[in-house]
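So the structure is just underneath, and the comments pick up after that.
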Amino acid sequence: MIPFNKPHLTGKELHYIADAHQRGQLAGDGFYTKRSSEWLEQTTGAEKVLLAHSCTAALEMTAMLVDIKPGDEVIMPSYTFVSTANAFVLRGGVPVFVDIRADTLNIDETQIEAAITPRTRAIVPVHYAGVACEMDTIMEIAKRHNLLVIEDAAQGVMATYKGRALGSIGHLGAYSFHETKNVISGEGGALLVNDPSLVARAEIIREKGTNRSQFFRGQVDKYTWIDVGSSYLPGEIIAAFLWAQLEEAQQITANGLAIWNDYHRAFETLEAEGRSLRPFVPAGCEHNAHMYYLLLKDLAERTAFIETMNQQGINCVFHYVPLHRSPAGVKYGRAVGDMRVTNDLAERLVRLPMWIGLNSACSQGINEYFSRDHLNKSAHGATNWSPSS
Ligand SMILES: Cc1ncc(COP(=O)(O)O)c(C=O)c1O
């Protein structure tokens with residue numbers, strides 16, 4: 001059986017966990033929290049990085065930080081994980097879904113302005129598969145309309161846009177270290193605060209609404225409740241695990257990219273023959289090999305593919321059910337435009353196993369499937385678009 005995901009361990013995790021235990025501070029903001037956040041600040045250029053329990057938690061912090069009030073609108077893609085929207089709905093916000101680009105599956109920046117109303121507060125670009133959204137355009141739109149940009153960079157750790165780390169370009173960014181990501185701590189995440197004016201309040205929100213962080217730095221002589229907040233600070237055991245991963249993050253990414261590139265080469269003919277489309281990475285984007293996917297002709301073909309692959313021991317999966325069609329998305333959000341690309345591609349995308357140690361047996365098995373007779377129609381013909389559209 002070739003699993004879809006296999007968490008990668010560097011081998012140092014238990015060593016650092018034992019060290020954290022030895023040091024005697026198990027709550028957060030100790031030695032390993034500081035080490036990990038400083039490393040992330042240096043690597044991304046973010047003004048401040050605060051570790052969190054998850055990317056979900058980091059996104060919830062952003063919603064508090066930008067003061068989302070009931071009825072405030074937040075523009076985002078529908079083709080994303082629930083937390084992108086849920087974080088804002090928790091504050092009474094309204095997710096406003098716009099369509100995605102057919103090439104990267106990221107928010108279609110040309111459709112953002114049509115979704116802006118007097119209630120719009122923020123834009124949340126999601127960097128799907130660690131491939132950057134068109135950030136220059138998004139930042140320019142936000143500036144013109146006085147909106148905040150919160151990057152959902154859950155999948156974007158170690159990926160860049162025009163040389164800048166994903167998550168460090170908007171006013172705020174959120175990372176995930178969930179075990180399905182490249183750099184992991186089981187559950188885990190981080191908030192990247194890029195706008196210096198938001199740093200002090202971000203610390204307070206993470207510490208249950210108190211100024212405890214300032215107290216520990218000796219900046220105030222007692223700490224107290226001064227704002228809304230919650231418990232978002234992970235303990236030292238998680239941070240120690242994360243440190244073992246962060247110090248190998250470059251190698252982890254390089255190893256992932258080697259597997260991604262092998263896949264890409266292996267499916268070149270498949271795409272040339274019009275049987276499937278491969279992921280597209282625009283110029284100026286360095287991705288992190290978080291995911292490899294194929295776009296098949298239609299839902300029936302994808303269902304047959306996944307079934308056959310799973311029977312053969314290759315665990316392939318589909319991805320998001322578009323949020324604008326999910327029960328909570330219908331209840332709490334609204335879509336702008338016809339969502340044509342989202343509706344189409346959500347039914348055709350299949351994610352392939354992606355983990356360090358995966359060998360070519362997987363791409364061979366997939367190529368064999370396509371070489372069989374029952375799939376000789378063109379995937380391109382089905383929708384009339386090409387990977388560079
Ligand atoms: C785009 C996106 N946002 C948010 C999340 C939530 O991340 P976490 O599991 O760390 O809360 C995920 C997780 O897969 C994701 O893919």
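Identifiers in the structure tokens: chain A, B, ... in order shown; residue index from 1 per chain; ligand index from 1 in order shown.
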**Request:** Could you give me, as a ChimeraX atom specification, the residues within 10 Å of Pro125 in chain A, counting only C-alpha atoms and dropping anything in the same chain fewer than 5 positions from it?
**Result:** /A:75-77,80,84,106-109,132-135,138,149-153,167,170,173
**Asked** Would you name the residues within 6 Å of ligand 1, counting only C-alpha atoms and all ligand atoms, and put them as a list in words?
**Response**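 Result of the 6 Å neighbour search around ligand 1: Ser54, Cys55, Thr56, Thr80, Phe81, Ser83, Thr84, Val126, Asp152, Ala154, Gln155, Ser176, Phe177, His178, Gly188 and Gly189 of chain A.
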**Message:** When you count only C-alpha atoms, which of these residues is closest to Lys181 in chain A: A:Asn5, A:Gln311, A:Ser78, A:Thr117?
**Reply:**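 Ranking A:Asn5, A:Gln311, A:Ser78, A:Thr117 by distance to Lys181 in chain A, first place goes to A:Asn5.
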**Message:** When you count only C-alpha atoms, which of these residues is closest to Val317 in chain A: A:Ser276, A:Gly93, A:Phe4, A:Leu295?
**Reply:** A:Phe4
**Request:** Write out as number ranges by chain each polymer residue whose atoms come within 8 Å of range 268-271 of chain A, counting only C-alpha atoms; drop sequence neighbours fewer than 5 positions from it.
**Result:** A: 276-278, 367, 370
**Prompt:** Which one is closest to His15 in chain A: A:Leu65, A:Ala240, A:Ile184, A:Met1? Count only C-alpha atoms.
**Reply:**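 Checking each candidate against His15 in chain A, we get A:Ala240 as the closest.
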**Message:** Under the rule that only C-alpha atoms are counted, which of A:Pro282, A:Gly11, A:Gly186, A:Gly329 is the nearest residue to Pro95 in chain A?
**Reply:**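 Checking each of A:Pro282, A:Gly11, A:Gly186, A:Gly329 against Pro95 in chain A, counting only C-alpha atoms, the winner is A:Gly329.
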**Item:** Ala20 in chain A surroundings by only C-alpha atoms, 10 Å radius, close-in-sequence under 4 positions cut, as a list of chain:residue names
**Value:**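 Near neighbours after the sequence-gap exclusion: A:Leu14, A:His15, A:Tyr16, A:Gly24, A:Gln25, A:Leu26, A:Gly30, A:Phe31, A:Tyr32, A:Gly235, A:Glu236, A:Ile237, A:Ile238, A:Ala239, A:Ala240, A:Phe241.
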**Message:** Which residues are close to Val321 in chain A, i.e. within 8 Å by only C-alpha atoms, leaving aside same-chain residues fewer than 4 positions away? Reply as a list in words.
**Reply:**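 That gives Tyr79, Arg325, Ser326 and Ala346 of chain A.
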**Message:** Just checking: using only C-alpha atoms, which residue out of A:Gly130, A:Pro196, A:Gly365, A:Gly71 ends up closest to Arg334 in chain A?
**Reply:**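 For Arg334 in chain A, the nearest of the candidates is A:Gly71.
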**Message:** Report, in Å to a single decimal, how far apart CA of Tyr128 in chain A and CA of Asp338 in chain A are.
**Reply:**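 Straight-line distance from CA of Asp338 in chain A to CA of Tyr128 in chain A works out to 20.5 Å.
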**Request:** Name the closest residue to Ala52 in chain A among the candidates A:Glu273, A:Glu301, A:Glu307, A:Glu187; distances are taken between atoms, counting only C-alpha atoms.
**Result:**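 Answer, going by the shortest atom-to-atom distance: A:Glu187.
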**Message:** DSSP on the backbone: which residues in range 45-238 of chain A end up as strand (DSSP E)? Give the answer as a ChimeraX atom specification.
**Reply:** /A:48-52,73-77,94-98,120-123,148-152,160-161,164-165,172-176,189-193
**Prompt:** Excluding same-chain residues fewer than 6 positions from Cys316 in chain A, what lies within 12 Å of it counting only C-alpha atoms, as number ranges by chain?
**Reply:** A: 1-5, 291-294, 302-310, 349-354, 362-363, 365-366
Please produce a file of the residues just selected, as a PDB file, in the first residue's frame, where the atoms kept are N, CA and C atoms.
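What ended up in again_20.pdb:
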ATOM      1  N   MET A   1       0.846  -1.212   0.000  1.00  0.00           N
ATOM      2  CA  MET A   1       0.000   0.000   0.000  1.00  0.00           C
ATOM      3  C   MET A   1       0.877   1.257   0.000  1.00  0.00           C
ATOM      4  N   ILE A   2       0.619   2.159  -0.918  1.00  0.00           N
ATOM      5  CA  ILE A   2       1.315   3.451  -0.904  1.00  0.00           C
ATOM      6  C   ILE A   2       0.354   4.466  -0.275  1.00  0.00           C
ATOM      7  N   PRO A   3       0.626   4.898   0.968  1.00  0.00           N
ATOM      8  CA  PRO A   3      -0.316   5.827   1.622  1.00  0.00           C
ATOM      9  C   PRO A   3      -0.290   7.194   0.954  1.00  0.00           C
ATOM     10  N   PHE A   4      -1.328   7.956   1.200  1.00  0.00           N
ATOM     11  CA  PHE A   4      -1.397   9.309   0.646  1.00  0.00           C
ATOM     12  C   PHE A   4      -0.376  10.222   1.333  1.00  0.00           C
ATOM     13  N   ASN A   5      -0.252  10.052   2.642  1.00  0.00           N
ATOM     14  CA  ASN A   5       0.667  10.901   3.413  1.00  0.00           C
ATOM     15  C   ASN A   5       1.431  10.057   4.427  1.00  0.00           C
ATOM     16  N   MET A 291       2.138  19.627  -2.489  1.00  0.00           N
ATOM     17  CA  MET A 291       1.087  18.773  -3.051  1.00  0.00           C
ATOM     18  C   MET A 291       1.380  18.485  -4.523  1.00  0.00           C
ATOM     19  N   TYR A 292       1.057  17.276  -4.971  1.00  0.00           N
ATOM     20  CA  TYR A 292       1.019  17.044  -6.421  1.00  0.00           C
ATOM     21  C   TYR A 292      -0.387  16.571  -6.772  1.00  0.00           C
ATOM     22  N   TYR A 293      -0.949  17.209  -7.801  1.00  0.00           N
ATOM     23  CA  TYR A 293      -2.298  16.821  -8.222  1.00  0.00           C
ATOM     24  C   TYR A 293      -2.373  16.716  -9.727  1.00  0.00           C
ATOM     25  N   LEU A 294      -3.408  16.038 -10.191  1.00  0.00           N
ATOM     26  CA  LEU A 294      -3.719  16.005 -11.628  1.00  0.00           C
ATOM     27  C   LEU A 294      -5.160  16.478 -11.791  1.00  0.00           C
ATOM     28  N   ARG A 302     -12.635  10.909 -12.565  1.00  0.00           N
ATOM     29  CA  ARG A 302     -11.902  10.989 -11.301  1.00  0.00           C
ATOM     30  C   ARG A 302     -12.334   9.882 -10.339  1.00  0.00           C
ATOM     31  N   THR A 303     -13.633   9.636 -10.275  1.00  0.00           N
ATOM     32  CA  THR A 303     -14.133   8.590  -9.373  1.00  0.00           C
ATOM     33  C   THR A 303     -13.541   7.240  -9.762  1.00  0.00           C
ATOM     34  N   ALA A 304     -13.548   6.951 -11.064  1.00  0.00           N
ATOM     35  CA  ALA A 304     -13.005   5.673 -11.543  1.00  0.00           C
ATOM     36  C   ALA A 304     -11.515   5.583 -11.239  1.00  0.00           C
ATOM     37  N   PHE A 305     -10.812   6.683 -11.442  1.00  0.00           N
ATOM     38  CA  PHE A 305      -9.368   6.713 -11.202  1.00  0.00           C
ATOM     39  C   PHE A 305      -9.060   6.426  -9.732  1.00  0.00           C
ATOM     40  N   ILE A 306      -9.736   7.152  -8.841  1.00  0.00           N
ATOM     41  CA  ILE A 306      -9.452   6.987  -7.408  1.00  0.00           C
ATOM     42  C   ILE A 306      -9.771   5.557  -6.961  1.00  0.00           C
ATOM     43  N   GLU A 307     -10.896   5.034  -7.459  1.00  0.00           N
ATOM     44  CA  GLU A 307     -11.291   3.661  -7.083  1.00  0.00           C
ATOM     45  C   GLU A 307     -10.241   2.653  -7.525  1.00  0.00           C
ATOM     46  N   THR A 308      -9.831   2.765  -8.792  1.00  0.00           N
ATOM     47  CA  THR A 308      -8.860   1.802  -9.322  1.00  0.00           C
ATOM     48  C   THR A 308      -7.527   1.930  -8.600  1.00  0.00           C
ATOM     49  N   MET A 309      -7.093   3.164  -8.385  1.00  0.00           N
ATOM     50  CA  MET A 309      -5.804   3.361  -7.717  1.00  0.00           C
ATOM     51  C   MET A 309      -5.837   2.774  -6.305  1.00  0.00           C
ATOM     52  N   ASN A 310      -6.927   3.019  -5.598  1.00  0.00           N
ATOM     53  CA  ASN A 310      -7.004   2.496  -4.239  1.00  0.00           C
ATOM     54  C   ASN A 310      -7.021   0.969  -4.231  1.00  0.00           C
ATOM     55  N   LEU A 349     -10.133  17.421  -9.728  1.00  0.00           N
ATOM     56  CA  LEU A 349      -8.794  17.378  -9.142  1.00  0.00           C
ATOM     57  C   LEU A 349      -8.590  16.118  -8.304  1.00  0.00           C
ATOM     58  N   VAL A 350      -7.442  15.482  -8.524  1.00  0.00           N
ATOM     59  CA  VAL A 350      -7.085  14.337  -7.687  1.00  0.00           C
ATOM     60  C   VAL A 350      -5.680  14.555  -7.145  1.00  0.00           C
ATOM     61  N   ARG A 351      -5.536  14.383  -5.838  1.00  0.00           N
ATOM     62  CA  ARG A 351      -4.224  14.541  -5.189  1.00  0.00           C
ATOM     63  C   ARG A 351      -3.528  13.184  -5.134  1.00  0.00           C
ATOM     64  N   LEU A 352      -2.255  13.188  -5.465  1.00  0.00           N
ATOM     65  CA  LEU A 352      -1.477  11.950  -5.480  1.00  0.00           C
ATOM     66  C   LEU A 352      -0.648  11.846  -4.197  1.00  0.00           C
ATOM     67  N   PRO A 353      -0.252  10.624  -3.828  1.00  0.00           N
ATOM     68  CA  PRO A 353       0.588  10.488  -2.626  1.00  0.00           C
ATOM     69  C   PRO A 353       1.795  11.413  -2.715  1.00  0.00           C
ATOM     70  N   MET A 354       2.133  12.043  -1.623  1.00  0.00           N
ATOM     71  CA  MET A 354       3.258  12.992  -1.610  1.00  0.00           C
ATOM     72  C   MET A 354       3.912  12.934  -0.249  1.00  0.00           C
ATOM     73  N   CYS A 362       4.880   4.682  -7.755  1.00  0.00           N
ATOM     74  CA  CYS A 362       3.603   5.384  -7.722  1.00  0.00           C
ATOM     75  C   CYS A 362       3.283   5.993  -9.090  1.00  0.00           C
ATOM     76  N   SER A 363       4.204   6.770  -9.649  1.00  0.00           N
ATOM     77  CA  SER A 363       3.928   7.386 -10.959  1.00  0.00           C
ATOM     78  C   SER A 363       3.835   6.323 -12.047  1.00  0.00           C
ATOM     79  N   GLY A 365       2.583   3.273 -11.662  1.00  0.00           N
ATOM     80  CA  GLY A 365       1.236   2.708 -11.523  1.00  0.00           C
ATOM     81  C   GLY A 365       0.183   3.618 -12.142  1.00  0.00           C
ATOM     82  N   ILE A 366       0.361   4.907 -11.966  1.00  0.00           N
ATOM     83  CA  ILE A 366      -0.613   5.878 -12.492  1.00  0.00           C
ATOM     84  C   ILE A 366      -0.509   5.939 -14.018  1.00  0.00           C
TER      85      ILE A 366
END
Do you have, as a Markdown table, the list of residues of range 155-233 of chain A lying at most 10 Å from range 37-42 of chain A, each with its nearest atom pair and that distance in Å to one decimal, counting only C-alpha atoms and ordered by chain then number?
| residue | atom | partner | partner_atom | distance |
| --- | --- | --- | --- | --- |
| A:Val157 | CA | A:Leu40 | CA | 9.6 |
| A:Met158 | CA | A:Leu40 | CA | 9.7 |
| A:Ser168 | CA | A:Glu41 | CA | 9.3 |
| A:Ala190 | CA | A:Ser37 | CA | 8.4 |
| A:Leu191 | CA | A:Ser37 | CA | 9.8 |
| A:Leu192 | CA | A:Glu41 | CA | 8.2 |
| A:Val193 | CA | A:Glu41 | CA | 9.6 |
| A:Asn194 | CA | A:Glu41 | CA | 9.9 |
